[in-house]
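The next block is protein.txt, given as compact mmCIF, C-alpha atoms.
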```txt
# COMPACT_ATOMS: atom_id res chain seq x y z
CA MET A 523 18.91 -12.53 -23.96
CA THR A 524 19.32 -14.36 -20.67
CA THR A 525 17.68 -13.85 -17.29
CA LEU A 526 20.70 -11.85 -16.27
CA ASP A 527 20.66 -9.61 -19.35
CA TRP A 528 17.01 -8.83 -18.76
CA ALA A 529 17.42 -8.28 -15.05
CA ASN A 530 20.37 -5.98 -15.67
CA GLU A 531 18.33 -3.97 -18.16
CA LEU A 532 15.42 -3.82 -15.76
CA ARG A 533 17.72 -2.62 -13.01
CA ARG A 534 19.27 0.02 -15.28
CA SER A 535 15.83 1.29 -16.28
CA GLY A 536 14.91 1.44 -12.59
CA ARG A 537 11.25 0.69 -13.28
CA GLY A 538 9.18 -1.98 -14.95
CA GLU A 539 9.70 -0.80 -18.55
CA ARG A 540 11.58 -3.93 -19.50
CA ILE A 541 8.56 -6.13 -18.83
CA GLU A 542 7.66 -5.41 -22.45
CA SER A 543 10.76 -7.28 -23.63
CA LEU A 544 9.63 -10.62 -22.19
CA PRO A 545 7.70 -12.78 -24.69
CA TYR A 546 5.43 -14.45 -22.10
CA ALA A 547 4.63 -11.05 -20.54
CA VAL A 548 3.81 -9.74 -24.02
CA MET A 549 1.54 -12.75 -24.61
CA LEU A 550 -0.38 -11.83 -21.44
CA GLY A 551 -0.27 -8.14 -22.40
CA VAL A 552 1.31 -7.17 -19.05
CA ILE A 553 2.67 -3.64 -18.79
CA ALA A 554 4.16 -1.61 -15.96
CA ASP A 555 2.29 1.21 -14.27
CA HIS A 556 4.39 4.33 -13.95
CA ASP A 557 2.27 6.02 -11.30
CA GLY A 558 3.58 6.12 -7.75
CA SER A 559 6.90 4.96 -6.40
CA ASP A 560 6.24 1.24 -6.06
CA LEU A 561 6.20 -1.05 -9.04
CA LYS A 562 2.72 -2.07 -10.11
CA LEU A 563 1.89 -4.22 -13.12
CA ILE A 564 -1.28 -4.02 -15.20
CA MET A 565 -2.76 -6.81 -17.29
CA PRO A 566 -5.37 -5.06 -19.45
CA TYR A 567 -8.36 -7.23 -20.26
CA ARG A 568 -8.12 -9.19 -23.49
CA GLU A 569 -10.14 -12.17 -24.68
CA SER A 570 -7.15 -14.52 -24.79
CA LEU A 571 -6.91 -14.40 -20.95
CA ILE A 572 -10.32 -16.05 -20.51
CA GLY A 573 -10.58 -19.53 -18.99
CA SER A 574 -14.33 -20.08 -18.67
CA PRO A 575 -17.15 -17.82 -19.86
CA GLY A 576 -16.78 -14.38 -18.26
CA ARG A 577 -13.81 -15.38 -16.07
CA LEU A 578 -10.06 -14.98 -16.40
CA HIS A 579 -8.04 -18.22 -16.52
CA GLY A 580 -6.29 -18.90 -13.19
CA GLY A 581 -3.08 -19.45 -15.15
CA SER A 582 -3.10 -15.94 -16.59
CA ILE A 583 -3.52 -14.48 -13.07
CA ALA A 584 -0.72 -16.72 -11.76
CA GLY A 585 1.52 -15.53 -14.59
CA LEU A 586 0.86 -11.88 -13.71
CA LEU A 587 1.62 -12.54 -10.01
CA GLU A 588 4.93 -14.22 -10.86
CA LEU A 589 5.97 -11.34 -13.13
CA ALA A 590 5.17 -8.84 -10.36
CA ALA A 591 7.29 -10.78 -7.86
CA LEU A 592 10.28 -11.22 -10.20
CA SER A 593 10.35 -7.54 -11.22
CA THR A 594 10.04 -6.38 -7.61
CA LEU A 595 12.88 -8.69 -6.57
CA VAL A 596 15.23 -7.52 -9.33
CA LEU A 597 14.67 -3.88 -8.40
CA ALA A 598 15.40 -4.62 -4.73
CA LEU A 599 18.72 -6.44 -5.15
CA PRO A 600 21.78 -4.41 -4.14
CA GLU A 601 23.07 -2.40 -7.08
CA ASP A 602 26.73 -2.70 -6.14
CA GLU A 603 26.73 -6.49 -6.50
CA PRO A 604 26.45 -8.67 -9.60
CA LEU A 605 22.91 -9.93 -10.06
CA PRO A 606 22.40 -13.54 -8.96
CA GLU A 607 20.51 -16.01 -11.08
CA ILE A 608 16.85 -15.90 -9.99
CA LYS A 609 15.13 -19.28 -9.77
CA PRO A 610 11.60 -19.58 -8.35
CA VAL A 611 11.44 -22.98 -6.61
CA THR A 612 8.07 -23.10 -4.88
CA VAL A 613 5.13 -20.98 -5.96
CA THR A 614 1.72 -21.21 -4.24
CA VAL A 615 -1.25 -19.25 -5.54
CA ASP A 616 -4.47 -18.73 -3.57
CA PHE A 617 -7.48 -17.82 -5.69
CA MET A 618 -9.93 -15.70 -3.70
CA ARG A 619 -12.39 -14.21 -6.15
CA GLU A 620 -13.04 -14.85 -9.79
CA GLY A 621 -11.25 -12.52 -12.17
CA GLY A 622 -13.80 -10.68 -14.27
CA MET A 623 -13.49 -9.31 -17.80
CA ARG A 624 -11.63 -6.16 -16.83
CA ASP A 625 -8.11 -4.91 -16.13
CA THR A 626 -6.13 -6.71 -13.43
CA PHE A 627 -3.38 -5.19 -11.30
CA ALA A 628 -0.57 -6.82 -9.32
CA ALA A 629 2.16 -5.76 -6.92
CA ALA A 630 4.60 -7.68 -4.78
CA THR A 631 6.32 -7.21 -1.46
CA ILE A 632 9.49 -8.84 -0.23
CA THR A 633 8.98 -10.68 3.04
CA ARG A 634 12.65 -11.49 3.39
CA LEU A 635 15.64 -11.00 1.14
CA GLY A 636 18.49 -13.29 2.14
CA ARG A 637 21.74 -14.22 0.43
CA ARG A 638 20.45 -17.50 -0.96
CA ILE A 639 16.66 -17.30 -0.66
CA ALA A 640 14.16 -14.54 -1.24
CA ASN A 641 10.57 -14.86 0.02
CA LEU A 642 7.97 -12.74 -1.73
CA ARG A 643 4.23 -12.22 -1.67
CA ALA A 644 2.35 -10.92 -4.69
CA VAL A 645 -1.27 -9.75 -4.76
CA ALA A 646 -3.60 -9.30 -7.74
CA TRP A 647 -6.75 -7.19 -7.69
CA GLN A 648 -9.25 -5.61 -10.06
CA TYR A 649 -11.50 -3.01 -8.41
CA ASP A 650 -9.57 -2.29 -5.27
CA TYR A 651 -6.34 -3.47 -3.65
CA SER A 652 -8.29 -4.36 -0.51
CA ARG A 653 -10.34 -6.88 -2.52
CA PRO A 654 -7.68 -9.24 -3.90
CA ILE A 655 -8.67 -11.80 -6.54
CA ALA A 656 -5.52 -13.88 -5.95
CA ALA A 657 -2.26 -13.88 -4.02
CA ALA A 658 0.97 -15.80 -4.47
CA ASN A 659 3.71 -16.88 -2.13
CA LEU A 660 7.02 -17.30 -3.93
CA ASN A 661 10.24 -18.79 -2.56
CA ILE A 662 13.06 -17.95 -4.89
CA VAL A 663 16.63 -19.23 -4.92
CA LEU A 664 19.33 -16.67 -5.65
CA ALA A 665 22.20 -18.54 -7.27
CA ARG A 666 25.40 -16.54 -7.07
CA ALA A 667 28.46 -17.31 -9.12
CA ALA A 668 31.32 -18.57 -6.97
CA THR A 669 33.87 -15.82 -6.41
CA MET B 1180 -18.14 -43.60 -24.55
CA ASN B 1181 -14.99 -44.99 -26.10
CA GLU B 1182 -11.57 -43.44 -25.67
CA ALA B 1183 -11.26 -41.98 -29.21
CA VAL B 1184 -14.65 -40.28 -29.02
CA ARG B 1185 -13.95 -38.89 -25.56
CA THR B 1186 -10.53 -37.56 -26.65
CA SER B 1187 -12.03 -35.93 -29.71
CA LEU B 1188 -14.87 -34.30 -27.71
CA MET B 1189 -12.47 -33.10 -25.04
CA GLY B 1190 -10.09 -31.70 -27.66
CA ARG B 1191 -12.89 -29.72 -29.26
CA ALA B 1192 -14.09 -28.42 -25.88
CA LEU B 1193 -10.58 -27.18 -25.02
CA ASP B 1194 -10.31 -25.33 -28.34
CA HIS B 1195 -13.09 -23.07 -27.07
CA VAL B 1196 -11.13 -21.92 -24.01
CA PRO B 1197 -9.40 -18.72 -25.19
CA HIS B 1198 -6.44 -18.84 -22.79
CA MET B 1199 -5.72 -22.49 -23.55
CA ARG B 1200 -5.84 -21.75 -27.27
CA ALA B 1201 -3.47 -18.81 -26.71
CA LEU B 1202 -1.04 -21.13 -24.91
CA GLY B 1203 -1.33 -23.89 -27.51
CA ILE B 1204 -2.68 -26.44 -25.03
CA SER B 1205 -4.32 -29.59 -26.38
CA PHE B 1206 -5.81 -32.73 -24.86
CA ARG B 1207 -3.61 -35.84 -24.92
CA GLY B 1208 -5.72 -38.40 -23.14
CA ILE B 1209 -7.05 -39.85 -19.94
CA GLU B 1210 -6.12 -43.18 -18.39
CA ASP B 1211 -6.90 -44.56 -14.93
CA GLY B 1212 -8.04 -41.11 -13.80
CA TRP B 1213 -4.84 -39.41 -14.94
CA VAL B 1214 -5.45 -36.61 -17.42
CA GLU B 1215 -2.73 -35.39 -19.77
CA LEU B 1216 -2.62 -32.10 -21.65
CA GLU B 1217 0.18 -30.95 -23.91
CA MET B 1218 1.52 -27.43 -24.39
CA ALA B 1219 3.38 -27.07 -27.69
CA TYR B 1220 6.63 -25.13 -27.70
CA SER B 1221 6.15 -21.58 -28.92
CA PRO B 1222 8.50 -18.59 -28.89
CA ASP B 1223 5.57 -16.61 -27.41
CA LEU B 1224 5.73 -18.65 -24.20
CA VAL B 1225 9.38 -18.23 -23.29
CA ALA B 1226 10.43 -16.22 -20.27
CA TYR B 1227 13.41 -14.45 -21.82
CA PRO B 1228 13.96 -13.74 -25.51
CA ASP B 1229 16.12 -16.27 -27.39
CA SER B 1230 16.44 -18.60 -24.39
CA GLY B 1231 13.83 -21.06 -25.64
CA VAL B 1232 12.89 -21.85 -22.04
CA ILE B 1233 9.14 -21.81 -21.34
CA ALA B 1234 8.13 -19.32 -18.62
CA ASN B 1235 7.19 -20.73 -15.21
CA GLY B 1236 3.92 -18.83 -15.47
CA ALA B 1237 2.97 -20.77 -18.60
CA ILE B 1238 3.78 -24.05 -16.81
CA PHE B 1239 1.49 -22.91 -13.97
CA ALA B 1240 -1.29 -22.24 -16.49
CA LEU B 1241 -0.77 -25.70 -18.04
CA MET B 1242 -1.01 -27.37 -14.62
CA ASP B 1243 -4.06 -25.34 -13.54
CA SER B 1244 -5.77 -26.40 -16.78
CA THR B 1245 -4.76 -30.04 -16.39
CA ALA B 1246 -5.91 -30.14 -12.77
CA GLY B 1247 -9.26 -28.56 -13.66
CA ILE B 1248 -9.90 -31.15 -16.39
CA ALA B 1249 -8.92 -33.95 -13.98
CA VAL B 1250 -11.54 -32.70 -11.48
CA VAL B 1251 -14.28 -32.23 -14.10
CA THR B 1252 -13.80 -35.61 -15.80
CA GLY B 1253 -14.15 -37.42 -12.45
CA LEU B 1254 -17.46 -35.77 -11.50
CA ARG B 1255 -20.69 -37.72 -12.05
CA GLN B 1256 -22.48 -34.62 -13.23
CA SER B 1257 -21.27 -31.43 -14.85
CA MET B 1258 -20.86 -28.52 -12.43
CA PRO B 1259 -18.71 -25.40 -12.16
CA ILE B 1260 -15.46 -25.71 -10.24
CA ALA B 1261 -13.02 -23.10 -8.94
CA THR B 1262 -9.38 -23.40 -7.92
CA ILE B 1263 -8.83 -22.62 -4.23
CA ASP B 1264 -5.07 -22.95 -4.27
CA MET B 1265 -2.31 -24.53 -6.24
CA ARG B 1266 1.35 -25.09 -5.46
CA LEU B 1267 4.07 -25.81 -8.00
CA ASP B 1268 7.57 -26.94 -7.08
CA TYR B 1269 9.91 -26.24 -9.96
CA LEU B 1270 12.29 -29.20 -9.88
CA HIS B 1271 14.51 -28.32 -12.81
CA PRO B 1272 14.33 -25.95 -15.78
CA PRO B 1273 12.55 -27.31 -18.85
CA ALA B 1274 14.71 -28.26 -21.84
CA PRO B 1275 14.56 -25.37 -24.33
CA PHE B 1276 12.46 -25.46 -27.53
CA GLU B 1277 10.48 -28.49 -26.35
CA ARG B 1278 6.83 -29.12 -25.56
CA LEU B 1279 5.60 -29.73 -22.02
CA ILE B 1280 3.08 -32.30 -20.82
CA GLY B 1281 0.84 -31.68 -17.82
CA ARG B 1282 -0.38 -34.78 -15.95
CA ALA B 1283 -2.91 -34.66 -13.12
CA GLN B 1284 -5.19 -36.88 -11.07
CA CYS B 1285 -8.01 -35.98 -8.72
CA TYR B 1286 -7.24 -38.32 -5.81
CA LYS B 1287 -10.03 -37.25 -3.44
CA TYR B 1288 -13.52 -35.84 -3.74
CA THR B 1289 -15.60 -34.69 -0.79
CA ARG B 1290 -19.12 -33.25 -1.05
CA SER B 1291 -17.80 -29.78 -1.77
CA MET B 1292 -14.08 -30.20 -2.54
CA ALA B 1293 -11.67 -31.90 -4.90
CA PHE B 1294 -7.97 -32.55 -4.25
CA VAL B 1295 -5.53 -32.89 -7.14
CA ARG B 1296 -1.93 -33.91 -7.66
CA GLY B 1297 0.21 -33.96 -10.75
CA LEU B 1298 3.41 -33.08 -12.51
CA ALA B 1299 4.79 -31.43 -15.61
CA TYR B 1300 7.30 -33.33 -17.74
CA GLN B 1301 8.87 -33.41 -21.17
CA ASP B 1302 10.40 -36.79 -22.10
CA SER B 1303 9.83 -38.93 -19.04
CA ILE B 1304 7.50 -38.79 -16.06
CA ASP B 1305 10.46 -40.07 -14.02
CA HIS B 1306 12.21 -36.76 -14.70
CA PRO B 1307 9.52 -34.14 -13.98
CA VAL B 1308 10.03 -30.42 -14.52
CA ALA B 1309 7.53 -29.50 -11.80
CA ASN B 1310 5.36 -31.11 -9.13
CA MET B 1311 1.85 -29.84 -8.45
CA VAL B 1312 -0.75 -30.09 -5.70
CA GLY B 1313 -4.01 -28.20 -5.71
CA SER B 1314 -7.49 -27.98 -4.26
CA PHE B 1315 -10.77 -27.03 -5.89
CA VAL B 1316 -14.16 -26.08 -4.54
CA LEU B 1317 -17.34 -27.42 -6.14
CA PRO B 1318 -19.65 -24.46 -5.47
CA GLY B 1319 -22.69 -26.13 -7.03
CA ALA B 1320 -22.41 -29.31 -4.95
CA ALA B 1321 -25.36 -30.09 -2.72
```
Give the structure from this file in structure tokens form.
Amino acid sequence: MTTLDWANELRRSGRGERIESLPYAVMLGVIADHDGSDLKLIMPYRESLIGSPGRLHGGSIAGLLELAALSTLVLALPEDEPLPEIKPVTVTVDFMREGGMRDTFAAATITRLGRRIANLRAVAWQYDYSRPIAAANLNIVLARAAT
Amino acid sequence: MNEAVRTSLMGRALDHVPHMRALGISFRGIEDGWVELEMAYSPDLVAYPDSGVIANGAIFALMDSTAGIAVVTGLRQSMPIATIDMRLDYLHPPAPFERLIGRAQCYKYTRSMAFVRGLAYQDSIDHPVANMVGSFVLPGAA
């Protein structure tokens, strides 16, 4: 399966179901939340996400943020065009609060969707969306096959 | 403490970090303030099935780990640290089915902060997969 195969499947499913077909997402235990209209991902607490005693590893939170951004982007691309190749080029993560031993949520918004570049922001939280534990800024190149 | 003893102690310490064990990250060594960790190739870490290409998220986790160790090993006394922010530039996709090495150096300490730079590579540091910069806070610092 390639990026394109997965993205096409995700687009066909219309929601985040296909997250479960990605090995790294499975390793983190990330699943899609089917409540509401916007895509939200959940990373249920598991011991293997821990970095230091009682705290989630920053890398597991960063992984969740990137998955939220990629899924949100795929679902937003125009359906009447072939999907471009999606290549994150610069990813910055701000860590605001420590992630505790509980479920973590993430959602992403598209700041701008251009022909060649997409700019996204993803936020992760635990108790409440208004109390983020981390946020990511992702600049993603959309590589389109020459026509 | 000699190099072999330090490497062995560090390796054992990292084995106790659940997320690093899950990612298959081990300690390679430290030289002139540059810390190296290695993340073995595993089919569990790939972004898309059958591609063999390690997910960017796993590379981020490798670099966050490497940067954290670089900060801790340069401190005179043990204290908790926390990442403030970290940026990765993905320079080219990693070669499939191959391990990745994270390399990081803490180039500046202040009383309450640490600044880190580094890169991820496979065969040669002259051909990095990703470039990293990050900052850490030392909450316990006086």
Selection as a count of residues only: residues within 10 Å of (-6.4, -42.5, -15.2), counting all atoms listed in the file: 14
Atom pair atom CA of Asn661 of chain A / atom CA of Asp555 of chain A: separation (Å):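 According to the coordinates, atom CA of Asn661 of chain A and atom CA of Asp555 of chain A are separated by 24.5 Å.
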Counting all atoms listed in the file, the option among A:Gln648, A:Thr614, A:Leu664, A:Leu561 closest to Gly585 of chain A: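 For Gly585 of chain A, the nearest of the candidates is A:Thr614.
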Neighbouring residues of Ala646 of chain A were defined as those with any atom within 6 Å, considering all atoms listed in the file; residues of the same chain fewer than 2 positions away were excluded. Please report them as an mmCIF file with C-alpha atoms, in the frame of the given file.
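Printed below is out-v4.cif as written:
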```
data_model
loop_
_atom_site.group_PDB
_atom_site.id
_atom_site.type_symbol
_atom_site.label_atom_id
_atom_site.label_comp_id
_atom_site.auth_asym_id
_atom_site.auth_seq_id
_atom_site.Cartn_x
_atom_site.Cartn_y
_atom_site.Cartn_z
ATOM 1 C CA PHE A 627 -3.380 -5.190 -11.300
ATOM 2 C CA ALA A 628 -0.570 -6.820 -9.320
ATOM 3 C CA PRO A 654 -7.680 -9.240 -3.900
ATOM 4 C CA ILE A 655 -8.670 -11.800 -6.540
ATOM 5 C CA ALA A 656 -5.520 -13.880 -5.950
#
```
What are the closest atom pairs, with distances in Å to one decimal, for all residues of chain A lying within 7 Å of chain B? Consider all atoms listed in the file, order rows by chain and residue number, and present the result as CSV.
```
residue,atom,partner,partner_atom,distance
A:Met523,CA,B:Pro1228,CA,5.3
A:Thr524,CA,B:Tyr1227,CA,6.0
A:Thr525,CA,B:Tyr1227,CA,6.3
A:Leu544,CA,B:Tyr1227,CA,5.4
A:Pro545,CA,B:Asp1223,CA,5.2
A:Tyr546,CA,B:Leu1224,CA,4.7
A:Met549,CA,B:Asp1223,CA,6.2
A:Glu569,CA,B:Pro1197,CA,6.6
A:Ser570,CA,B:Pro1197,CA,4.8
A:Leu571,CA,B:His1198,CA,4.8
A:Ile572,CA,B:His1198,CA,5.3
A:Gly573,CA,B:Val1196,CA,5.6
A:Ser574,CA,B:Val1196,CA,6.5
A:His579,CA,B:His1198,CA,6.5
A:Gly580,CA,B:Asp1243,CA,6.8
A:Gly581,CA,B:Ala1240,CA,3.6
A:Ser582,CA,B:Ala1240,CA,6.6
A:Ala584,CA,B:Gly1236,CA,6.3
A:Gly585,CA,B:Gly1236,CA,4.2
A:Glu588,CA,B:Gly1236,CA,6.6
A:Val611,CA,B:Tyr1269,CA,4.9
A:Thr612,CA,B:Asp1268,CA,4.5
A:Val613,CA,B:Leu1267,CA,5.3
A:Thr614,CA,B:Arg1266,CA,4.1
A:Val615,CA,B:Met1265,CA,5.4
A:Asp616,CA,B:Asp1264,CA,4.3
A:Phe617,CA,B:Ile1263,CA,5.2
```
Residues within 7 Å of Ala665 of chain A, only C-alpha atoms, excluding chain neighbours under 4 positions, as a list in words: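 Using only C-alpha atoms, the neighbours found are Pro606, Glu607, Ile608 and Arg638 of chain A.
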Point-to-point distance from atom CA of Ile564 of chain A to atom CA of Ile632 of chain A, Å rounded to tenths: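 Interatomic distance here is 19.1 Å.
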Residue list as a PyMOL selection string for point (4.0, -7.8, -6.4), cut-off 12 Å, only C-alpha atoms: chain A and resi 538+554+560-564+584-598+627-633+641-647+651+656-660
Residues near Leu1216 of chain B, cut-off 7 Å, only C-alpha atoms, skip fewer than 3 positions along chain, as number ranges by chain: B: 1204-1207, 1245, 1280-1282
Please write out, as JSON, where the centre of an axis-aligned box around all listed atoms of segment 1233-1243 of chain B lies and how long its edges are, in Å to one decimal, after adding 5 Å on each side.
```
{"center_x": 2.5, "center_y": -23.1, "center_z": -17.4, "size_x": 23.2, "size_y": 18.5, "size_z": 17.8}
```
Tyr1220 of chain B environment, 6 Å, all atoms listed in the file, sequence neighbours closer than 4 positions dropped, as a list in words: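 The contact residues come out as Phe1276, Glu1277 and Arg1278 of chain B.
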Distance of atom CA of Val1308 of chain B from atom CA of Leu599 of chain A, expressed in Å to one decimal place: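 Interatomic distance here is 27.2 Å.
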